[in-house]
Structures are given as C-alpha cells and as structure tokens.
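Remarks on the structure that follows.
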Amino acid sequence: MKDFLKKYNILVAPMEGVMRPGLIEVCNDLELTPVWVTPFLRVSESVPKEKEIKKFLAPFAPATNRVILQIMGVDKDKLAETALRGMACGATGIDLNCGCPSHQVVRHGAGGGMLKDPDRTARIIEAISQKLSGGFFSIKTRLGFDSFANSGHILKLWSSAGQVDMFTLHYRTVQEGYRSVPGREARLAAACAVLPEHILRFGNGDITDPVEAEKLCRTLRLDGTMIGRAFWHDPGMLVRHFEPERLSQMPDARCARQLLWDALQQLPFRKNFWSIGNAIETSGLIFGADSIQFREMKARFSTRR
C-alpha cells in the first residue's frame, strides 16, 4: 500500500455527511479515484459486527478499489478489534481519526479530543498496531488541540508508539476549526521534520488542485496530499493528473462537474442510499450555493414538501 501511495499520492479527503453511498457509487462508476479513505466509523459501546462493517465499506467497492477504513473512538481494545475486523472485511488499511473538530466528538474524547491526551492516544496506537501486525495503518490528525506549539512532541510520541505507515497532517489546530489561519506551509514543514523518514507524510487543508499539491510536496518534504472540498468542485482533477489518456472524458472542471451531476440525477431516492436532501447538499457542494443547479434542487424539494 505504501508503494502505491507514493505513486498515487493525492487522496480525496474523507468527509462525514458528504460521502453518501449513492455519491460514492457514482464516483466509482466514473472511476474518479482508485483509492478511498472512508468517513469515520464510530466505535463506541461495542465493536461493530462484520456485517455492519461490510455494509459500511460496500459503497467504496473494496473488491476493486483500495479502501482505507477510518475509525474513531476512545477504547483501545474495541478500536483494535474493529481495525482487525475491518481488514478481514476487505479494507486495505486502517486510519485512526485524531482530528475531527466537532464539539460533540471532542467532548467524548474522540477525534480531535485525542490531542488533549496524547499519552492515552499513544496506547491506542500501540494496541491497533499490534493487532494489525504489519497491516497498513495511518493516522489523520490536526497539529495540536489549542496550540501548534506542542504538535512536534505529540507527533514524535505517536510515531514511536507503534508501526504507523502514514500521517495525514491537517495544518490547523482543533480549536481553529476551519477558520482562515496563516502559516500553513511553515506548520506542515515543521511537522514533517519531526517524523521519521520511513513514515509517509501527507498534507491536508485548503489544497485546491494537483498543481498546488505537487508544489507543496516539492517544497515541504511531503510524500503526498489530501484534497477535500476542492475535489468536488472539479471531480475530474485526479483523472486528468494521473490518467492523462482519459483527458477527453472530462477535459476541464466544468465538464467533470456536469458529468458527475448528470449521473447523480439518475440515482433513485432510497433510504440510507440517496435522498433529495443529499441531492440538494451535493449540488451546492459541486456547483456552489449560488448556482442554478442548487436553486433548482431547492425548488424541487420545496415543491415535494
């Protein structure tokens, strides 16, 4: 998996509430990316059954794509067992969410809350690593909870706690949320400098396209990047970057958006798969809140109500 990610080194960022099964299935039909990192699978009161994990993974098509299952929770034994089951259910690797800034998540100590207790998180990392015994394991984190200053110490601690193959580094702290924050490059460079060379280092946060991604990799010693919302504004960006022979299918962002939207329009509305609400939100994500498509979907929804 590490060798693959060195070549295919721009990933679509996992987005909770956006990556609905219908949307992901259409993306797979259009072959927009050969690798997914899933939104988080919450591990709370009990370890998810294999049936639940397989259902969660199914839209990402683990039989044909490389799928990294992201998990989130606070119990090291439950997380470790979930990681093992995830691999047994077809995941190519496991990612531990240590960065979600949601207040509800953080309040329970998960996601970005993991940065408040680095020692406890190190024990979780150790447990997962031991359970996976060589399986691909990554961590997605922010650079500190309320201050960037201690991020270097945390990264050193976590990178030595177990066999971690990759860190995805979102340059903001948890408390900075999604606000505009200066110093992205300096923060990412400092974070990369403390991680051992054998660990892949992917940067994340406000990256707009493959051109910017490549520039960051060259200048900051990054091995790769993760692109979030910008991918949905141009869902063909990875095809054009990694598969130029398919350029005619989606030669620019406008064509790629329309191709994806036309396919989404054909989806049936079905519970836990694709709904009118999902369609409205996705039209805004792809085209923007001031777009004709978004206004048309809102009008359609109002009519049905």
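In the structure tokens, each chain is lettered A, B, ... as it comes, each chain's residues begin at 1, and ligands are numbered from 1 in order of appearance.
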
| said: So that I can check the secondary structure, give me every residue of range 137-280 of chain A assigned alpha helix (DSSP H) by backbone DSSP, as a PyMOL selection string. | reply: chain A and resi 151-159+184-194+210-220+229-233+237-242+253-264+276-280

Sorted by chain and rising residue number, which residues of range 209-290 of chain A lie within 6 Å of range 9-31 of chain A, and what are their closest atom pairs and distances in Å to one decimal, counting only C-alpha atoms, as a tab-separated table?
residue	atom	partner	partner_atom	distance
A:Gly224	CA	A:Asn9	CA	4.5
A:Thr225	CA	A:Ile10	CA	5.0
A:Met226	CA	A:Leu11	CA	4.6
A:Ile227	CA	A:Val12	CA	5.2
A:Gly228	CA	A:Ala13	CA	4.7
A:Phe273	CA	A:Pro21	CA	5.1
A:Trp274	CA	A:Gly22	CA	5.2

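All residues of protein, DNA or RNA that reach within 8 Å of range 235-248 of chain A, judged by only C-alpha atoms and not counting those fewer than 5 positions away in the chain, are Tyr8, Ile10, Leu32, Thr33, Asp209, Pro210, Ala253, Ala256, Arg257 and Leu260 of chain A.
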
| query | For Asn204 in chain A, which residue among A:Pro34, A:Gly99, A:Gly152, A:Gly135 is the nearest when counting only C-alpha atoms? | reply | A:Gly99

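Residue nearest Lys76 in chain A within the list A:Ile124, A:Ala279, A:Leu155, A:Lys298: A:Ile124 [criterion: smallest interatomic distance, only C-alpha atoms].
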